[in-house]
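What follows is a short report on a single structure.
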Amino acid sequence: MQGGVIALVAEAAGAEALGAARGLDGNAFVVTDLQIAYLALGRIGPVVTSARVLGTGPDGRAGAVVELRDAGAGDRLMTVVNVSGVPAAVLAGSTR
Amino acid sequence: MTSDHPVDRRTHVSDYFRLERWELPSDGGDERPSSFGGRAPIDDHQRGAGGGLRTGGLLTNLDTLGGFTSGLAALPRWIVTTSLLATVSELDHVGPLRFRADVVRRGRSSVVTALDVVDEGAADRHVAAATMTCAILDPRAMVLDFARPFSLAMPPPQADPVRPEEFFCIEPGAGPVTRLRLADQLRNPWGILHGGAVAMLADEAACRAAAAHGADASGPNGLAAADAVLHYLRPVKVGPVEARCQVLGTRAGRTSVRVAIHDVGAEDRMVTLGSVTVLAV
């Protein structure tokens, strides 16, 4: 599985988890940071994600740890990703 | 920090943060690496602008605990840290902080460890999660004789406490360049600069660079480092050590700072490259 695709999957899984933790749709949460540790190749699939939301700050910023596993390879851990994000409403207009 | 007694490089930096450690043997037999628990109080002189243990201290404890966990998984060889990725969800801590380290992958040449931190004094509120990668090396003459399961009691409070900047020999200053003097107590058992000291330098340097760049410091306490990614490229052997920062931008109150750390005395070679997020607190 290509590394960029892994990042994309992790971002989507992270946004969904962070949004769900605040009762929001995943599209309402913007991922701002990804820290990716590639541990093993994804060879067989399907690739399954699991996410653990870490905490939510007063401005809605939150973090999650997303794991990707290769279910067809004995559930081998492929990648661990630290995801940080913020509600889109908070991010709007704050970039300079 | 001078003393008539030789510095014990196995514990000195972790003693400063009073990190207690205990091995959690695997229930999967000897083939499965142990996990580790840890606990560290937050003494007043170690608190940063965010109100809790400053991120450089948090990273030092993560590096110490994760490094030891990885090292035991690599026996009879030992490890050096090659990268530390940390996301910090809470900067204000009651303390003590409780740590957990679990090996997620042990290969022929590297060990990857997942770390988690909660605030025991705040009903186990989550503080940080990190992923650490270590390279496995020949330990040469290093003594690797540990009673198992390993445990190390919490060191006592310092009689004459000093601020982290002083303990880690970070020179006073401002602006995008920050220097650290490579004192003997900052070397690890390999004889090179402890990864936690590199992290503390990155923390301080990023905050100074963000302040000099005009980052929003409108909060009551100024600026504090939070998320950090550090890639340890080469060992620091000579010193002085210089952190050169580039502010990349500010978004939603978070300033991203690229930090390049050089061993000035070793032909100025780059030893660590990373990024630190600085928040107004």
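Chain labels A, B, ... are given in the sequence in which chains occur in the structure tokens; within each chain residues are numbered consecutively from 1, and ligands are likewise numbered from 1 in the order shown.
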- Kindly provide, as number ranges by chain, the residues of chain B having any atom no farther than 10 Å from an atom of chain A, counting only C-alpha atoms. B: 83-91, 104-107, 110-112, 114, 116, 118, 125-133, 227-229, 249-254, 277
- Message: I'd like the contact shell of Ala15 of chain A - 8 Å cut-off, only C-alpha atoms, skipping same-chain residues fewer than 2 positions apart - returned as a VMD selection string.
- Response: chain A and resid 11 to 13 17 to 19 26 to 27 29 to 31 85
Print the selection's residues with C-alpha atoms to a file, as a PDB file, in the first residue's frame.
```pdb
ATOM      1  CA  GLU A  11      -6.406  11.486   7.925  1.00  0.00           C
ATOM      2  CA  ALA A  12      -9.939  10.394   7.044  1.00  0.00           C
ATOM      3  CA  ALA A  13     -10.156   8.002   9.990  1.00  0.00           C
ATOM      4  CA  ALA A  17     -13.118   9.977  15.063  1.00  0.00           C
ATOM      5  CA  LEU A  18     -12.412  13.552  16.152  1.00  0.00           C
ATOM      6  CA  GLY A  19     -15.683  14.750  14.678  1.00  0.00           C
ATOM      7  CA  GLY A  26     -16.013  14.069   9.920  1.00  0.00           C
ATOM      8  CA  ASN A  27     -16.157  16.743   7.219  1.00  0.00           C
ATOM      9  CA  PHE A  29     -13.254  18.575  11.420  1.00  0.00           C
ATOM     10  CA  VAL A  30     -10.038  19.661   9.728  1.00  0.00           C
ATOM     11  CA  VAL A  31      -6.877  17.646  10.293  1.00  0.00           C
ATOM     12  CA  GLY A  85      -7.291  18.576  14.193  1.00  0.00           C
TER      13      GLY A  85
END
```
- From the set B:Tyr232, B:Phe150, B:Trp78, B:Phe68, which residue has the shortest atom-to-atom contact distance to Glu23 of chain B, counting only C-alpha atoms?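 The shortest atom-to-atom distance to Glu23 of chain B comes from B:Phe150.
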- Message: DSSP on the backbone: which residues in segment 14-88 of chain A end up as alpha helix (DSSP H)? Give the answer as a ChimeraX atom specification.
- Response: /A:14-21,88
For the selection just defined, write its residues with N, CA and C atoms to a file, as a compact mmCIF listing (two decimals), in the first residue's frame.
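This went into result_5.txt:
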```txt
# COMPACT_ATOMS: atom_id res chain seq x y z
N GLY A 14 -8.97 9.71 11.23
CA GLY A 14 -8.78 10.64 12.34
C GLY A 14 -9.87 11.70 12.37
N ALA A 15 -10.18 12.27 11.21
CA ALA A 15 -11.21 13.31 11.15
C ALA A 15 -12.57 12.76 11.58
N GLU A 16 -12.86 11.55 11.14
CA GLU A 16 -14.14 10.93 11.53
C GLU A 16 -14.21 10.75 13.05
N ALA A 17 -13.13 10.24 13.62
CA ALA A 17 -13.12 9.98 15.06
C ALA A 17 -13.19 11.27 15.86
N LEU A 18 -12.41 12.27 15.43
CA LEU A 18 -12.41 13.55 16.15
C LEU A 18 -13.77 14.24 16.04
N GLY A 19 -14.35 14.16 14.85
CA GLY A 19 -15.68 14.75 14.68
C GLY A 19 -16.72 14.03 15.52
N ALA A 20 -16.68 12.70 15.50
CA ALA A 20 -17.67 11.93 16.25
C ALA A 20 -17.58 12.21 17.75
N ALA A 21 -16.37 12.44 18.23
CA ALA A 21 -16.18 12.71 19.66
C ALA A 21 -16.86 14.02 20.08
N ALA A 88 -13.69 22.90 11.72
CA ALA A 88 -13.52 23.83 10.60
C ALA A 88 -13.94 25.24 10.98
```
- Message: Can you measure atom CA of Leu230 of chain B to atom CA of Ile79 of chain B for me? One decimal in Å is fine.
- Response: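 Computing the Euclidean distance for atom CA of Leu230 of chain B and atom CA of Ile79 of chain B yields 16.5 Å.
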- Task: Run DSSP on the backbone and grab whatever in segment 161-278 of chain B lands in strand (DSSP E); send it over as a PyMOL selection string.
- Result: chain B and resi 177-180+223-232+241-251+254-263+269-278
- Contacts of Phe36 of chain B at 8 Å (only C-alpha atoms; same-chain gap of 2+ positions) as a list of chain:residue names: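 The residues that qualify are B:Arg21, B:Trp22, B:Glu23, B:Leu24, B:Ser34, B:Gly38, B:Leu65, B:Thr69, B:Arg100, B:Ala101, B:Asp102.
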Written selection (C-alpha atoms) as a PDB file, in the first residue's frame:
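Okay, this is what ended up in selection27.pdb:
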```
ATOM      1  CA  ARG B  21       9.982   3.151  36.374  1.00  0.00           C
ATOM      2  CA  TRP B  22       8.744  -0.396  36.617  1.00  0.00           C
ATOM      3  CA  GLU B  23       8.822  -3.261  34.179  1.00  0.00           C
ATOM      4  CA  LEU B  24       5.577  -4.991  33.214  1.00  0.00           C
ATOM      5  CA  SER B  34       8.041  -6.204  28.318  1.00  0.00           C
ATOM      6  CA  GLY B  38       6.500   5.227  34.836  1.00  0.00           C
ATOM      7  CA  LEU B  65      11.199   5.438  29.441  1.00  0.00           C
ATOM      8  CA  THR B  69      11.777  -0.212  27.116  1.00  0.00           C
ATOM      9  CA  ARG B 100       3.143   3.727  29.747  1.00  0.00           C
ATOM     10  CA  ALA B 101       5.446   2.322  27.069  1.00  0.00           C
ATOM     11  CA  ASP B 102       4.656  -0.652  24.827  1.00  0.00           C
TER      12      ASP B 102
END
```
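For the pair atom CA of Pro46 of chain A and atom CA of Leu68 of chain A, the interatomic distance is 10.1 Å.
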- Message: I'd like the contact shell of Val238 of chain B - 8 Å cut-off, only C-alpha atoms, skipping same-chain residues fewer than 6 positions apart - returned as a list in words.
- Response: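 These residues fall inside the cut-off: Leu182, Asp263, Val264, Gly265 and Ala266 of chain B.
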Let me see the file: selected residues, N, CA and C atoms, as a short mmCIF file (atom, residue, chain, number, x, y, z; two decimals), in the first residue's frame.
```cif
data_model
loop_
_atom_site.label_atom_id
_atom_site.label_comp_id
_atom_site.auth_asym_id
_atom_site.auth_seq_id
_atom_site.Cartn_x
_atom_site.Cartn_y
_atom_site.Cartn_z
N LEU B 182 27.45 21.48 26.10
CA LEU B 182 27.42 20.03 26.31
C LEU B 182 28.17 19.67 27.59
N ASP B 263 25.82 20.29 15.79
CA ASP B 263 26.95 20.13 16.71
C ASP B 263 28.07 21.03 16.19
N VAL B 264 28.16 22.21 16.76
CA VAL B 264 29.07 23.23 16.23
C VAL B 264 30.51 22.73 16.27
N GLY B 265 30.86 22.03 17.34
CA GLY B 265 32.24 21.57 17.48
C GLY B 265 32.58 20.36 16.64
N ALA B 266 31.62 19.77 15.98
CA ALA B 266 31.86 18.61 15.11
C ALA B 266 31.60 19.02 13.66
#
```
Near Ala225 of chain B, counting only C-alpha atoms, which residues have an atom at most 10 Å away, once you skip same-chain residues fewer than 5 positions from it, shown as a tab-separated table (two decimals) with N, CA and C atoms, in the first residue's frame?
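Below is the file part.tsv, written as the result:
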```tsv
chain	number	residue	atom	x	y	z
B	48	GLY	N	6.23	24.86	33.13
B	48	GLY	CA	6.44	25.83	32.07
B	48	GLY	C	5.28	26.80	31.96
B	49	ALA	N	5.27	27.55	30.88
B	49	ALA	CA	4.25	28.59	30.69
B	49	ALA	C	2.84	28.00	30.61
B	50	GLY	N	2.74	26.76	30.17
B	50	GLY	CA	1.42	26.13	30.05
B	50	GLY	C	0.83	25.71	31.38
B	54	ARG	N	6.82	21.28	31.32
B	54	ARG	CA	7.02	21.80	29.96
B	54	ARG	C	7.34	20.65	29.01
B	55	THR	N	7.01	20.88	27.74
B	55	THR	CA	7.07	19.78	26.78
B	55	THR	C	8.47	19.18	26.67
B	56	GLY	N	9.50	19.99	26.79
B	56	GLY	CA	10.85	19.43	26.77
B	56	GLY	C	11.06	18.41	27.87
B	88	VAL	N	0.69	16.47	21.96
B	88	VAL	CA	0.41	16.86	23.34
B	88	VAL	C	-1.01	17.43	23.41
B	91	LEU	N	-1.45	20.92	28.26
B	91	LEU	CA	-0.22	21.55	28.75
B	91	LEU	C	-0.28	21.89	30.23
B	200	MET	N	14.68	19.27	25.00
B	200	MET	CA	14.53	20.48	25.79
B	200	MET	C	15.08	21.69	25.03
B	202	ALA	N	15.17	21.97	21.77
B	202	ALA	CA	14.21	22.25	20.70
B	202	ALA	C	13.01	23.03	21.24
B	203	ASP	N	12.53	22.64	22.40
B	203	ASP	CA	11.40	23.33	23.05
B	203	ASP	C	11.74	24.80	23.28
B	204	GLU	N	12.85	25.04	23.97
B	204	GLU	CA	13.23	26.42	24.31
B	204	GLU	C	13.50	27.24	23.05
B	205	ALA	N	14.21	26.63	22.10
B	205	ALA	CA	14.57	27.37	20.88
B	205	ALA	C	13.33	27.73	20.07
B	206	ALA	N	12.39	26.81	19.97
B	206	ALA	CA	11.18	27.08	19.19
B	206	ALA	C	10.36	28.20	19.82
B	207	CYS	N	10.26	28.20	21.14
B	207	CYS	CA	9.51	29.27	21.82
B	207	CYS	C	10.19	30.63	21.62
B	210	ALA	N	9.61	31.71	18.00
B	210	ALA	CA	8.22	32.16	17.77
B	210	ALA	C	8.00	33.54	18.38
B	254	ARG	N	-1.52	28.57	16.60
B	254	ARG	CA	-0.42	27.61	16.70
B	254	ARG	C	0.65	27.99	15.70
B	255	THR	N	1.85	28.19	16.18
B	255	THR	CA	2.97	28.56	15.31
B	255	THR	C	3.85	27.34	15.07
B	256	SER	N	4.08	27.04	13.80
B	256	SER	CA	4.92	25.89	13.44
B	256	SER	C	6.35	26.38	13.25
B	257	VAL	N	7.27	25.72	13.93
B	257	VAL	CA	8.68	26.11	13.89
B	257	VAL	C	9.52	24.91	13.46
B	276	VAL	N	8.39	21.87	15.84
B	276	VAL	CA	7.73	22.06	17.13
B	276	VAL	C	6.57	23.04	16.93
B	277	THR	N	5.44	22.72	17.51
B	277	THR	CA	4.29	23.62	17.47
B	277	THR	C	4.26	24.43	18.76
B	278	VAL	N	4.18	25.74	18.62
B	278	VAL	CA	4.20	26.64	19.78
B	278	VAL	C	2.82	27.29	19.92
B	279	LEU	N	2.29	27.26	21.13
B	279	LEU	CA	0.96	27.79	21.41
B	279	LEU	C	1.03	29.02	22.30
B	280	ALA	N	0.06	29.91	22.11
B	280	ALA	CA	-0.14	30.99	23.08
B	280	ALA	C	-0.93	30.42	24.25
B	281	VAL	N	-0.44	30.61	25.45
B	281	VAL	CA	-1.09	30.00	26.63
B	281	VAL	C	-1.37	31.06	27.68
```
